[in-house]
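What follows is the content of input-v2.cif, which has mmCIF, C-alpha atoms and all ligand atoms:
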```cif
data_entry
#
loop_
_atom_site.label_atom_id
_atom_site.label_comp_id
_atom_site.auth_asym_id
_atom_site.auth_seq_id
_atom_site.Cartn_x
_atom_site.Cartn_y
_atom_site.Cartn_z
CA MET Q 961 43.61 2.16 -10.25
CA LEU Q 962 40.04 2.35 -8.92
CA LYS Q 963 37.89 -0.68 -9.37
CA VAL Q 964 34.85 -0.73 -11.68
CA TYR Q 965 32.02 -3.17 -10.99
CA GLU Q 966 29.96 -4.20 -13.99
CA ALA Q 967 27.28 -6.70 -15.02
CA THR Q 968 25.61 -7.36 -18.38
CA CYS Q 969 22.39 -9.37 -18.83
CA THR Q 970 19.75 -9.96 -21.46
CA ALA Q 971 16.02 -10.49 -20.85
CA PRO Q 972 13.46 -11.70 -23.40
CA ILE Q 973 10.05 -10.21 -24.08
CA ASN Q 974 6.89 -12.03 -23.02
CA ILE Q 975 3.60 -11.95 -24.89
CA ALA Q 976 0.46 -12.24 -22.76
CA VAL Q 977 -2.25 -14.67 -23.79
CA ILE Q 978 -4.39 -13.40 -20.91
CA LYS Q 979 -3.80 -9.68 -20.67
CA TYR Q 980 -3.05 -7.49 -17.69
CA TRP Q 981 -5.15 -4.36 -18.10
CA GLY Q 982 -6.01 -2.27 -15.03
CA LYS Q 983 -4.27 -1.32 -11.79
CA ARG Q 984 -5.78 -1.37 -8.32
CA ASP Q 985 -2.69 0.48 -7.02
CA THR Q 986 -0.86 2.73 -9.47
CA LYS Q 987 2.20 3.30 -7.24
CA LEU Q 988 2.96 -0.39 -6.66
CA ASN Q 989 1.64 -1.57 -10.06
CA LEU Q 990 -0.87 -3.95 -8.50
CA PRO Q 991 -3.22 -5.32 -11.15
CA THR Q 992 -6.99 -5.68 -11.17
CA ASN Q 993 -6.66 -9.16 -12.72
CA SER Q 994 -4.16 -12.00 -12.97
CA SER Q 995 -2.50 -12.56 -16.34
CA LEU Q 996 -0.57 -15.26 -18.18
CA SER Q 997 2.11 -15.06 -20.85
CA VAL Q 998 4.65 -16.97 -22.88
CA THR Q 999 8.25 -15.84 -22.49
CA LEU Q 1000 10.00 -15.90 -25.85
CA SER Q 1001 13.52 -17.23 -26.34
CA GLN Q 1002 16.49 -15.03 -25.31
CA ASP Q 1003 17.79 -15.38 -28.88
CA ASP Q 1004 14.82 -13.48 -30.27
CA LEU Q 1005 13.47 -10.11 -29.16
CA HIS Q 1006 15.29 -9.01 -26.04
CA THR Q 1007 16.78 -6.17 -24.03
CA LYS Q 1008 20.47 -6.12 -23.17
CA THR Q 1009 21.51 -4.06 -20.17
CA THR Q 1010 24.93 -3.25 -18.73
CA CYS Q 1011 25.15 -1.71 -15.25
CA ARG Q 1012 28.37 -0.17 -14.02
CA ALA Q 1013 29.17 1.07 -10.50
CA ALA Q 1014 32.40 2.92 -9.84
CA PRO Q 1015 33.69 5.43 -7.28
CA GLU Q 1016 34.50 8.06 -9.90
CA LEU Q 1017 30.97 8.24 -11.34
CA LYS Q 1018 29.30 11.53 -10.39
CA ALA Q 1019 25.60 10.76 -10.88
CA ASP Q 1020 23.24 7.91 -11.71
CA LYS Q 1021 22.68 7.91 -15.47
CA LEU Q 1022 20.82 5.66 -17.88
CA TRP Q 1023 20.86 5.50 -21.66
CA LEU Q 1024 18.05 3.71 -23.49
CA ASN Q 1025 18.97 2.84 -27.07
CA GLY Q 1026 21.82 5.33 -26.84
CA LYS Q 1027 19.68 8.25 -25.66
CA GLU Q 1028 19.89 9.47 -22.08
CA GLU Q 1029 16.75 9.11 -19.91
CA ILE Q 1030 16.61 11.35 -16.86
CA ILE Q 1031 16.31 8.83 -14.02
CA ALA Q 1032 15.02 11.33 -11.46
CA GLN Q 1033 12.04 12.15 -13.71
CA ASN Q 1034 11.09 8.51 -14.12
CA LYS Q 1035 9.35 7.05 -11.07
CA ARG Q 1036 9.47 3.54 -12.55
CA LEU Q 1037 13.27 3.63 -12.88
CA THR Q 1038 13.78 5.13 -9.42
CA ASN Q 1039 11.50 2.48 -7.86
CA VAL Q 1040 13.69 -0.34 -9.18
CA ILE Q 1041 17.10 1.30 -8.71
CA ASN Q 1042 16.33 2.47 -5.13
CA GLU Q 1043 15.05 -0.95 -4.10
CA MET Q 1044 18.05 -2.81 -5.52
CA ARG Q 1045 20.46 -0.36 -3.90
CA ALA Q 1046 18.65 -0.74 -0.56
CA GLN Q 1047 18.97 -4.53 -0.83
CA ARG Q 1048 22.71 -4.21 -1.50
CA LYS Q 1049 23.10 -1.84 1.44
CA LYS Q 1050 21.47 -4.39 3.72
CA LEU Q 1051 23.94 -7.05 2.53
CA GLU Q 1052 26.90 -4.74 3.14
CA GLU Q 1053 25.68 -3.88 6.63
CA ASN Q 1054 25.51 -7.57 7.51
CA ASP Q 1055 28.84 -8.55 5.94
CA ASN Q 1056 31.87 -6.31 6.46
CA SER Q 1057 33.98 -8.18 3.93
CA LEU Q 1058 31.82 -6.97 1.02
CA PRO Q 1059 33.00 -3.98 -1.02
CA LYS Q 1060 30.87 -0.92 -0.28
CA ILE Q 1061 29.49 -0.40 -3.78
CA ALA Q 1062 25.90 0.55 -2.85
CA ASP Q 1063 27.07 4.15 -2.41
CA TYR Q 1064 28.73 4.29 -5.84
CA LYS Q 1065 26.76 5.99 -8.60
CA LEU Q 1066 25.52 3.86 -11.47
CA HIS Q 1067 25.82 4.17 -15.24
CA ILE Q 1068 23.37 1.94 -17.09
CA CYS Q 1069 23.21 1.21 -20.83
CA SER Q 1070 20.09 -0.55 -22.06
CA ALA Q 1071 19.16 -1.43 -25.64
CA ASN Q 1072 16.31 -3.28 -27.32
CA ASN Q 1073 17.02 -5.29 -30.48
CA PHE Q 1074 13.46 -4.42 -31.64
CA PRO Q 1075 11.23 -1.32 -31.90
CA THR Q 1076 10.67 0.33 -28.50
CA ALA Q 1077 7.21 1.29 -27.13
CA ALA Q 1078 5.46 -0.07 -30.24
CA GLY Q 1079 3.32 -2.52 -28.29
CA LEU Q 1080 5.96 -5.28 -28.38
CA ALA Q 1081 6.48 -5.62 -24.63
CA SER Q 1082 9.63 -3.45 -24.55
CA SER Q 1083 8.93 -2.31 -20.98
CA ALA Q 1084 8.55 -5.93 -19.87
CA ALA Q 1085 11.97 -6.96 -21.18
CA GLY Q 1086 13.50 -3.61 -20.15
CA PHE Q 1087 12.52 -3.66 -16.48
CA ALA Q 1088 13.14 -7.40 -16.11
CA CYS Q 1089 16.63 -6.85 -17.51
CA LEU Q 1090 17.31 -3.80 -15.33
CA THR Q 1091 16.25 -5.72 -12.23
CA PHE Q 1092 18.28 -8.79 -13.11
CA SER Q 1093 21.44 -6.93 -14.11
CA LEU Q 1094 21.37 -4.86 -10.89
CA ALA Q 1095 20.84 -8.04 -8.87
CA THR Q 1096 23.87 -9.54 -10.63
CA LEU Q 1097 26.00 -6.42 -10.15
CA TYR Q 1098 25.10 -6.25 -6.46
CA GLN Q 1099 25.30 -10.06 -6.05
CA LEU Q 1100 21.92 -10.17 -4.32
CA LYS Q 1101 20.61 -13.52 -3.24
CA LEU Q 1102 17.02 -13.07 -4.39
CA ASP Q 1103 15.00 -15.80 -6.05
CA ASN Q 1104 12.98 -15.27 -9.25
CA VAL Q 1105 9.76 -14.63 -7.34
CA GLU Q 1106 11.41 -11.90 -5.22
CA LEU Q 1107 13.02 -10.37 -8.32
CA SER Q 1108 9.68 -10.42 -10.11
CA THR Q 1109 8.07 -8.46 -7.25
CA ILE Q 1110 10.69 -5.73 -7.71
CA ALA Q 1111 10.52 -5.74 -11.54
CA ARG Q 1112 6.73 -5.34 -11.22
CA THR Q 1113 7.20 -1.92 -9.60
CA GLY Q 1114 8.98 -0.80 -12.80
CA SER Q 1115 6.43 -2.21 -15.23
CA GLY Q 1116 3.70 -4.71 -14.38
CA SER Q 1117 4.32 -7.07 -17.28
CA ALA Q 1118 8.08 -7.12 -16.49
CA CYS Q 1119 7.46 -9.46 -13.57
CA ARG Q 1120 6.59 -12.19 -16.08
CA SER Q 1121 9.88 -11.89 -18.05
CA LEU Q 1122 11.98 -13.16 -15.13
CA GLN Q 1123 10.76 -16.69 -15.73
CA GLY Q 1124 10.96 -18.74 -18.90
CA GLY Q 1125 8.19 -20.74 -20.54
CA TYR Q 1126 4.55 -20.26 -19.52
CA VAL Q 1127 4.20 -17.75 -16.71
CA ALA Q 1128 1.28 -16.58 -14.58
CA TRP Q 1129 1.27 -13.27 -12.74
CA GLU Q 1130 -1.00 -13.94 -9.80
CA MET Q 1131 -2.61 -10.63 -8.88
CA GLY Q 1132 -2.41 -11.28 -5.11
CA GLU Q 1133 -4.56 -9.76 -2.40
CA LYS Q 1134 -2.21 -7.97 -0.05
CA GLU Q 1135 -2.10 -4.19 -0.01
CA ASP Q 1136 1.71 -4.09 0.09
CA GLY Q 1137 1.91 -6.19 -3.11
CA SER Q 1138 4.13 -8.85 -1.54
CA ASP Q 1139 1.95 -11.63 -3.01
CA SER Q 1140 1.63 -10.08 -6.47
CA HIS Q 1141 4.34 -11.81 -8.49
CA ALA Q 1142 4.96 -14.17 -11.36
CA ILE Q 1143 5.27 -17.94 -11.14
CA GLN Q 1144 6.10 -20.46 -13.82
CA VAL Q 1145 3.11 -22.56 -14.89
CA ALA Q 1146 5.21 -24.80 -17.15
CA SER Q 1147 8.72 -24.70 -18.57
CA ARG Q 1148 9.41 -24.09 -22.23
CA GLU Q 1149 10.57 -27.71 -22.47
CA HIS Q 1150 7.13 -28.90 -21.29
CA TRP Q 1151 5.61 -27.70 -24.57
CA PRO Q 1152 8.55 -26.83 -26.85
CA ASP Q 1153 6.38 -27.07 -29.97
CA MET Q 1154 4.91 -23.63 -29.35
CA GLN Q 1155 6.17 -20.94 -31.72
CA ALA Q 1156 5.40 -17.21 -31.88
CA ILE Q 1157 5.33 -15.31 -35.16
CA ILE Q 1158 5.47 -11.53 -34.78
CA LEU Q 1159 3.93 -9.42 -37.52
CA VAL Q 1160 5.18 -5.87 -37.24
CA VAL Q 1161 2.31 -3.88 -38.68
CA ASN Q 1162 3.72 -0.57 -37.47
CA ASP Q 1163 6.87 0.02 -35.44
CA ALA Q 1164 6.05 3.62 -34.44
CA LYS Q 1165 5.73 4.51 -30.75
CA LYS Q 1166 2.09 4.09 -29.64
CA LYS Q 1167 -0.12 7.13 -29.02
CA THR Q 1168 -1.58 5.98 -25.69
CA SER Q 1169 0.86 4.27 -23.33
CA SER Q 1170 -0.34 1.11 -21.58
CA THR Q 1171 0.07 2.83 -18.21
CA LEU Q 1172 -2.30 5.68 -19.11
CA GLY Q 1173 -4.60 3.58 -21.28
CA MET Q 1174 -5.42 1.11 -18.52
CA GLN Q 1175 -6.04 3.89 -16.01
CA HIS Q 1176 -8.58 5.48 -18.37
CA THR Q 1177 -10.22 2.09 -18.88
CA VAL Q 1178 -10.56 1.43 -15.14
CA ALA Q 1179 -11.94 4.95 -14.62
CA THR Q 1180 -14.50 4.96 -17.46
CA SER Q 1181 -15.39 1.48 -18.74
CA PRO Q 1182 -18.29 -0.43 -17.17
CA LEU Q 1183 -17.27 -3.48 -19.26
CA ILE Q 1184 -13.89 -3.84 -17.51
CA GLN Q 1185 -15.70 -4.88 -14.28
CA HIS Q 1186 -17.32 -7.78 -16.14
CA ARG Q 1187 -13.92 -8.77 -17.57
CA ILE Q 1188 -12.24 -8.65 -14.14
CA LYS Q 1189 -14.95 -10.56 -12.28
CA HIS Q 1190 -16.40 -12.99 -14.80
CA VAL Q 1191 -14.04 -13.43 -17.75
CA VAL Q 1192 -10.42 -13.54 -16.56
CA PRO Q 1193 -10.69 -15.84 -13.49
CA LYS Q 1194 -12.18 -18.68 -15.58
CA ALA Q 1195 -9.84 -17.99 -18.51
CA MET Q 1196 -6.81 -18.25 -16.15
CA GLU Q 1197 -7.92 -21.63 -14.87
CA ASP Q 1198 -8.81 -22.95 -18.35
CA MET Q 1199 -5.52 -21.68 -19.78
CA LYS Q 1200 -3.45 -23.41 -17.09
CA THR Q 1201 -5.26 -26.67 -17.86
CA ALA Q 1202 -4.73 -26.20 -21.62
CA ILE Q 1203 -0.99 -25.70 -21.06
CA GLN Q 1204 -0.69 -28.69 -18.72
CA ASN Q 1205 -2.46 -30.86 -21.34
CA LYS Q 1206 -0.66 -29.27 -24.32
CA ASP Q 1207 -4.13 -28.72 -25.75
CA PHE Q 1208 -3.56 -26.28 -28.62
CA ASP Q 1209 -7.26 -25.91 -29.53
CA SER Q 1210 -8.11 -24.64 -26.03
CA PHE Q 1211 -4.92 -22.54 -25.83
CA ALA Q 1212 -5.77 -20.90 -29.17
CA GLU Q 1213 -9.42 -20.17 -28.41
CA ILE Q 1214 -8.72 -18.69 -24.96
CA THR Q 1215 -5.87 -16.59 -26.41
CA MET Q 1216 -7.98 -15.13 -29.24
CA ARG Q 1217 -11.01 -14.55 -27.01
CA ASP Q 1218 -8.88 -12.78 -24.42
CA SER Q 1219 -7.27 -10.51 -27.01
CA ASN Q 1220 -10.75 -9.62 -28.28
CA SER Q 1221 -12.01 -9.04 -24.72
CA PHE Q 1222 -9.06 -6.74 -23.96
CA HIS Q 1223 -9.61 -4.66 -27.13
CA ALA Q 1224 -13.35 -4.56 -26.37
CA VAL Q 1225 -12.68 -2.90 -22.99
CA CYS Q 1226 -10.34 -0.47 -24.77
CA ALA Q 1227 -13.20 0.40 -27.14
CA ASP Q 1228 -15.53 0.74 -24.11
CA THR Q 1229 -13.14 3.29 -22.54
CA PHE Q 1230 -14.41 6.85 -22.87
CA PRO Q 1231 -13.03 8.37 -25.06
CA PRO Q 1232 -12.29 5.00 -26.70
CA ILE Q 1233 -8.78 3.69 -27.23
CA TYR Q 1234 -8.02 1.92 -30.49
CA TYR Q 1235 -4.75 0.06 -30.62
CA MET Q 1236 -5.60 -2.20 -33.55
CA ASN Q 1237 -5.84 -0.80 -37.08
CA ASP Q 1238 -7.32 -2.04 -40.39
CA ILE Q 1239 -4.34 -4.31 -41.03
CA SER Q 1240 -4.66 -5.81 -37.53
CA ARG Q 1241 -8.32 -6.56 -38.19
CA ALA Q 1242 -7.42 -8.07 -41.58
CA VAL Q 1243 -4.98 -10.38 -39.74
CA VAL Q 1244 -7.80 -11.45 -37.38
CA ASN Q 1245 -10.02 -12.30 -40.36
CA ALA Q 1246 -7.20 -14.10 -42.19
CA VAL Q 1247 -6.50 -16.26 -39.11
CA HIS Q 1248 -10.16 -17.24 -38.74
CA ASP Q 1249 -10.39 -17.99 -42.50
CA TYR Q 1250 -7.20 -20.05 -42.39
CA ASN Q 1251 -8.40 -22.06 -39.38
CA ALA Q 1252 -11.77 -22.69 -41.03
CA ALA Q 1253 -10.11 -23.77 -44.31
CA LYS Q 1254 -7.77 -26.18 -42.49
CA ALA Q 1255 -10.70 -27.66 -40.53
CA ALA Q 1256 -12.70 -28.05 -43.77
CA MET Q 1257 -9.70 -29.87 -45.29
CA GLY Q 1258 -10.01 -32.44 -42.50
CA SER Q 1259 -7.49 -31.14 -39.95
CA ALA Q 1260 -7.91 -32.87 -36.59
CA GLN Q 1261 -7.46 -29.49 -34.94
CA LYS Q 1262 -10.14 -26.83 -34.68
CA TYR Q 1263 -7.44 -24.12 -34.67
CA THR Q 1264 -4.04 -24.19 -36.36
CA VAL Q 1265 -3.06 -20.65 -35.46
CA ALA Q 1266 -4.10 -18.06 -32.84
CA TYR Q 1267 -3.66 -14.28 -32.82
CA THR Q 1268 -3.16 -11.86 -29.98
CA PHE Q 1269 -2.64 -8.07 -29.97
CA ASP Q 1270 -1.16 -5.97 -27.17
CA ALA Q 1271 -1.37 -2.19 -26.85
CA GLY Q 1272 -0.48 -1.65 -30.50
CA PRO Q 1273 -1.44 -2.83 -34.00
CA ASN Q 1274 1.23 -5.55 -34.20
CA ALA Q 1275 0.04 -9.15 -34.24
CA VAL Q 1276 1.59 -12.09 -32.45
CA LEU Q 1277 0.56 -15.45 -33.84
CA TYR Q 1278 0.96 -18.64 -31.86
CA VAL Q 1279 1.37 -21.87 -33.85
CA GLN Q 1280 2.79 -25.30 -33.28
CA LYS Q 1281 6.16 -26.04 -34.91
CA LYS Q 1282 4.66 -28.44 -37.46
CA ASP Q 1283 2.39 -25.68 -38.84
CA ALA Q 1284 4.77 -22.71 -38.57
CA ASP Q 1285 6.21 -22.77 -42.12
CA ASN Q 1286 2.80 -23.15 -43.73
CA VAL Q 1287 1.23 -20.35 -41.66
CA LEU Q 1288 4.21 -18.06 -42.28
CA GLY Q 1289 4.03 -18.76 -46.02
CA VAL Q 1290 0.33 -17.95 -46.23
CA ILE Q 1291 0.62 -14.85 -44.02
CA SER Q 1292 3.55 -13.44 -45.95
CA ARG Q 1293 1.65 -13.91 -49.23
CA ILE Q 1294 -1.37 -12.01 -47.86
CA PHE Q 1295 0.71 -9.39 -46.00
CA PRO Q 1296 4.00 -9.01 -47.91
CA ALA Q 1297 6.83 -7.33 -45.95
CA ALA Q 1298 7.56 -3.72 -46.85
CA GLU Q 1299 10.67 -3.79 -49.02
CA ASP Q 1300 11.87 -0.30 -48.24
CA LYS Q 1301 12.07 -0.84 -44.51
CA ASN Q 1302 14.11 -2.80 -42.03
CA ILE Q 1303 11.27 -3.53 -39.66
CA TYR Q 1304 13.48 -4.93 -36.91
CA SER Q 1305 15.06 -1.53 -36.46
CA GLY Q 1306 16.41 -2.20 -32.99
CA PHE Q 1307 19.71 -1.38 -31.35
CA ASN Q 1308 22.57 -3.79 -30.92
CA PHE Q 1309 25.61 -2.39 -29.16
CA ASN Q 1310 28.84 -4.37 -29.06
CA ASP Q 1311 31.16 -4.21 -26.00
CA GLN Q 1312 33.16 -1.29 -27.36
CA GLU Q 1313 30.01 0.69 -28.14
CA ILE Q 1314 28.64 -0.03 -24.63
CA ASP Q 1315 31.92 1.37 -23.24
CA GLU Q 1316 31.47 4.49 -25.36
CA VAL Q 1317 27.89 4.98 -24.13
CA LEU Q 1318 28.82 4.43 -20.47
CA ALA Q 1319 32.00 6.52 -20.53
C1 LIG Q 1401 -1.48 -4.93 -23.16
O1 LIG Q 1401 3.14 -3.75 -18.23
O2 LIG Q 1401 3.35 -2.06 -20.08
O3 LIG Q 1401 0.79 -5.59 -22.90
O4 LIG Q 1401 2.57 -1.71 -15.62
O5 LIG Q 1401 1.96 0.47 -16.62
O6 LIG Q 1401 4.14 -0.60 -17.23
P1 LIG Q 1401 2.68 -0.83 -16.82
O7 LIG Q 1401 1.97 -1.53 -18.05
P2 LIG Q 1401 2.51 -2.66 -19.01
O8 LIG Q 1401 1.14 -3.18 -19.64
C2 LIG Q 1401 1.08 -4.29 -20.49
C3 LIG Q 1401 -0.26 -4.38 -21.09
C4 LIG Q 1401 -0.40 -5.42 -22.18
C5 LIG Q 1401 -0.91 -6.74 -21.62
C6 LIG Q 1401 0.09 -7.62 -20.92
O9 LIG Q 1401 1.29 -7.65 -21.27
O10 LIG Q 1401 -0.35 -8.35 -20.02
#
```
Let me see the structure of the file written as structure tokens.
Amino acid sequence: MLKVYEATCTAPINIAVIKYWGKRDTKLNLPTNSSLSVTLSQDDLHTKTTCRAAPELKADKLWLNGKEEIIAQNKRLTNVINEMRAQRKKLEENDNSLPKIADYKLHICSANNFPTAAGLASSAAGFACLTFSLATLYQLKLDNVELSTIARTGSGSACRSLQGGYVAWEMGEKEDGSDSHAIQVASREHWPDMQAIILVVNDAKKKTSSTLGMQHTVATSPLIQHRIKHVVPKAMEDMKTAIQNKDFDSFAEITMRDSNSFHAVCADTFPPIYYMNDISRAVVNAVHDYNAAKAAMGSAQKYTVAYTFDAGPNAVLYVQKKDADNVLGVISRIFPAAEDKNIYSGFNFNDQEIDEVLA
């Protein structure tokens, strides 16, 4: 019987508190500013990917949430797959005892347990997981920083999902992108009190992808230059200090200001891009009202909860554990969940179903 090589991994999403928006090199996914995010727990929103290499497979194929994606038409997928295969080839050339699996075709099954392309960082978890599962399949000896450089070529924000906790993607300076990768600022255990609450306002696929949206912004918005030069560099430094000191007030203010700055440059794009909707804006107001009410009631904190919005209307709220139940209670009274809808309409394949997809 012919041997089948297989690896399965999961990768969590990350939610940026200082947003990546703009590329200085669209082929290599090199950003115009550094960014910083919190990687959520593996148990929550994640991608699960199984890669299989076998001599009898006829062509590279990939299924996302059960539907086939044509790899050859997707530059981002070919970037990652070609690089990982090249790395395996190098290993095989240097060690004759290794099975020659780099030449085998691949079948890949990837599924998100949450809505895809709805502004919930699905490409971040997806490309981090693809990179990591191929590295596992091919038994590559790459560290997290090297893996993050490869994941970045699939989707910029994916480079941050290869590390847990609080993660900075340093934009780097080199033209080849070799210094543009993610590094951990602090582990999850450093500040385990931090909780994220995700409010799914709309789980439909977004109209303007992040990739296209940020290119339009760089091409047409004068405001983005101010953000790149004068806003983000200071915010990055202040955010790192806030995380080191577990200073929630600073963390919250920088997070909310950065979300507002990012959506301001989207509005300054011509024609403008609007990712937030009326419900998103109502969430912003509710958060500010809640924080003000808590402060008026004598809370020692200026902010109890912070919002941030990616390229979609869905809100992510950051709170500390001690305040999570109260915030969730208030938010779900103001914004009751739709009863007729399972909002976490993701895909969860068991082993047998993965076999059926890959067969
Ligand atoms: C608003 O990483 O999805 O979520 O590199 O083109 O794949 P590509 O873009 P992507 O952009 C993410 C934008 C963001 C902010 C962030 O996560 O930093």
Surrounding residues as a PDB file with C-alpha atoms, in the coordinates of the input, ligand LIG 1401 (chain Q), max 9 Å, all atoms listed in the file:
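Full text of selection.pdb as output:
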```
ATOM      1  CA  ASN Q 974       6.890 -12.030 -23.020  1.00  0.00           C
ATOM      2  CA  ILE Q 975       3.600 -11.950 -24.890  1.00  0.00           C
ATOM      3  CA  ALA Q 976       0.460 -12.240 -22.760  1.00  0.00           C
ATOM      4  CA  VAL Q 977      -2.250 -14.670 -23.790  1.00  0.00           C
ATOM      5  CA  ILE Q 978      -4.390 -13.400 -20.910  1.00  0.00           C
ATOM      6  CA  LYS Q 979      -3.800  -9.680 -20.670  1.00  0.00           C
ATOM      7  CA  TYR Q 980      -3.050  -7.490 -17.690  1.00  0.00           C
ATOM      8  CA  TRP Q 981      -5.150  -4.360 -18.100  1.00  0.00           C
ATOM      9  CA  GLY Q 982      -6.010  -2.270 -15.030  1.00  0.00           C
ATOM     10  CA  LYS Q 983      -4.270  -1.320 -11.790  1.00  0.00           C
ATOM     11  CA  THR Q 986      -0.860   2.730  -9.470  1.00  0.00           C
ATOM     12  CA  ASN Q 989       1.640  -1.570 -10.060  1.00  0.00           C
ATOM     13  CA  LEU Q 990      -0.870  -3.950  -8.500  1.00  0.00           C
ATOM     14  CA  PRO Q 991      -3.220  -5.320 -11.150  1.00  0.00           C
ATOM     15  CA  SER Q 994      -4.160 -12.000 -12.970  1.00  0.00           C
ATOM     16  CA  SER Q 995      -2.500 -12.560 -16.340  1.00  0.00           C
ATOM     17  CA  LEU Q 996      -0.570 -15.260 -18.180  1.00  0.00           C
ATOM     18  CA  SER Q 997       2.110 -15.060 -20.850  1.00  0.00           C
ATOM     19  CA  ARG Q1036       9.470   3.540 -12.550  1.00  0.00           C
ATOM     20  CA  ALA Q1077       7.210   1.290 -27.130  1.00  0.00           C
ATOM     21  CA  GLY Q1079       3.320  -2.520 -28.290  1.00  0.00           C
ATOM     22  CA  LEU Q1080       5.960  -5.280 -28.380  1.00  0.00           C
ATOM     23  CA  ALA Q1081       6.480  -5.620 -24.630  1.00  0.00           C
ATOM     24  CA  SER Q1082       9.630  -3.450 -24.550  1.00  0.00           C
ATOM     25  CA  SER Q1083       8.930  -2.310 -20.980  1.00  0.00           C
ATOM     26  CA  ALA Q1084       8.550  -5.930 -19.870  1.00  0.00           C
ATOM     27  CA  PHE Q1087      12.520  -3.660 -16.480  1.00  0.00           C
ATOM     28  CA  ARG Q1112       6.730  -5.340 -11.220  1.00  0.00           C
ATOM     29  CA  THR Q1113       7.200  -1.920  -9.600  1.00  0.00           C
ATOM     30  CA  GLY Q1114       8.980  -0.800 -12.800  1.00  0.00           C
ATOM     31  CA  SER Q1115       6.430  -2.210 -15.230  1.00  0.00           C
ATOM     32  CA  GLY Q1116       3.700  -4.710 -14.380  1.00  0.00           C
ATOM     33  CA  SER Q1117       4.320  -7.070 -17.280  1.00  0.00           C
ATOM     34  CA  ALA Q1118       8.080  -7.120 -16.490  1.00  0.00           C
ATOM     35  CA  CYS Q1119       7.460  -9.460 -13.570  1.00  0.00           C
ATOM     36  CA  ARG Q1120       6.590 -12.190 -16.080  1.00  0.00           C
ATOM     37  CA  TRP Q1129       1.270 -13.270 -12.740  1.00  0.00           C
ATOM     38  CA  SER Q1169       0.860   4.270 -23.330  1.00  0.00           C
ATOM     39  CA  SER Q1170      -0.340   1.110 -21.580  1.00  0.00           C
ATOM     40  CA  THR Q1171       0.070   2.830 -18.210  1.00  0.00           C
ATOM     41  CA  LEU Q1172      -2.300   5.680 -19.110  1.00  0.00           C
ATOM     42  CA  GLY Q1173      -4.600   3.580 -21.280  1.00  0.00           C
ATOM     43  CA  MET Q1174      -5.420   1.110 -18.520  1.00  0.00           C
ATOM     44  CA  GLN Q1175      -6.040   3.890 -16.010  1.00  0.00           C
ATOM     45  CA  SER Q1219      -7.270 -10.510 -27.010  1.00  0.00           C
ATOM     46  CA  PHE Q1222      -9.060  -6.740 -23.960  1.00  0.00           C
ATOM     47  CA  PHE Q1269      -2.640  -8.070 -29.970  1.00  0.00           C
ATOM     48  CA  ASP Q1270      -1.160  -5.970 -27.170  1.00  0.00           C
ATOM     49  CA  ALA Q1271      -1.370  -2.190 -26.850  1.00  0.00           C
ATOM     50  CA  GLY Q1272      -0.480  -1.650 -30.500  1.00  0.00           C
TER      51      GLY Q1272
END
```
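Taking CA of Asn1274 in chain Q and CA of Ala1224 in chain Q as the two end points, the separation is 16.6 Å.
Interatomic distance, CA of Ala1019 in chain Q to CA of Ile1031 in chain Q: 10.0 Å.
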Residues at most 8 Å from range 1000-1017 of chain Q, counting all atoms listed in the file, excluding those fewer than 3 positions away in the same chain, as a ChimeraX atom specification?
/Q:962-975,1020,1061,1064-1074,1082,1085-1086,1089-1090,1093-1094,1097,1124-1125,1156,1314,1318
Include C-alpha atoms and write out the residues we just selected as a tab-separated table (two decimals), keeping the file's coordinate frame.
```tsv
chain	number	residue	atom	x	y	z
Q	962	LEU	CA	40.04	2.35	-8.92
Q	963	LYS	CA	37.89	-0.68	-9.37
Q	964	VAL	CA	34.85	-0.73	-11.68
Q	965	TYR	CA	32.02	-3.17	-10.99
Q	966	GLU	CA	29.96	-4.20	-13.99
Q	967	ALA	CA	27.28	-6.70	-15.02
Q	968	THR	CA	25.61	-7.36	-18.38
Q	969	CYS	CA	22.39	-9.37	-18.83
Q	970	THR	CA	19.75	-9.96	-21.46
Q	971	ALA	CA	16.02	-10.49	-20.85
Q	972	PRO	CA	13.46	-11.70	-23.40
Q	973	ILE	CA	10.05	-10.21	-24.08
Q	974	ASN	CA	6.89	-12.03	-23.02
Q	975	ILE	CA	3.60	-11.95	-24.89
Q	1020	ASP	CA	23.24	7.91	-11.71
Q	1061	ILE	CA	29.49	-0.40	-3.78
Q	1064	TYR	CA	28.73	4.29	-5.84
Q	1065	LYS	CA	26.76	5.99	-8.60
Q	1066	LEU	CA	25.52	3.86	-11.47
Q	1067	HIS	CA	25.82	4.17	-15.24
Q	1068	ILE	CA	23.37	1.94	-17.09
Q	1069	CYS	CA	23.21	1.21	-20.83
Q	1070	SER	CA	20.09	-0.55	-22.06
Q	1071	ALA	CA	19.16	-1.43	-25.64
Q	1072	ASN	CA	16.31	-3.28	-27.32
Q	1073	ASN	CA	17.02	-5.29	-30.48
Q	1074	PHE	CA	13.46	-4.42	-31.64
Q	1082	SER	CA	9.63	-3.45	-24.55
Q	1085	ALA	CA	11.97	-6.96	-21.18
Q	1086	GLY	CA	13.50	-3.61	-20.15
Q	1089	CYS	CA	16.63	-6.85	-17.51
Q	1090	LEU	CA	17.31	-3.80	-15.33
Q	1093	SER	CA	21.44	-6.93	-14.11
Q	1094	LEU	CA	21.37	-4.86	-10.89
Q	1097	LEU	CA	26.00	-6.42	-10.15
Q	1124	GLY	CA	10.96	-18.74	-18.90
Q	1125	GLY	CA	8.19	-20.74	-20.54
Q	1156	ALA	CA	5.40	-17.21	-31.88
Q	1314	ILE	CA	28.64	-0.03	-24.63
Q	1318	LEU	CA	28.82	4.43	-20.47
```
Separation of CA of Lys1060 in chain Q from CA of Arg1045 in chain Q, in Å and rounded to one decimal:
11.0 Å
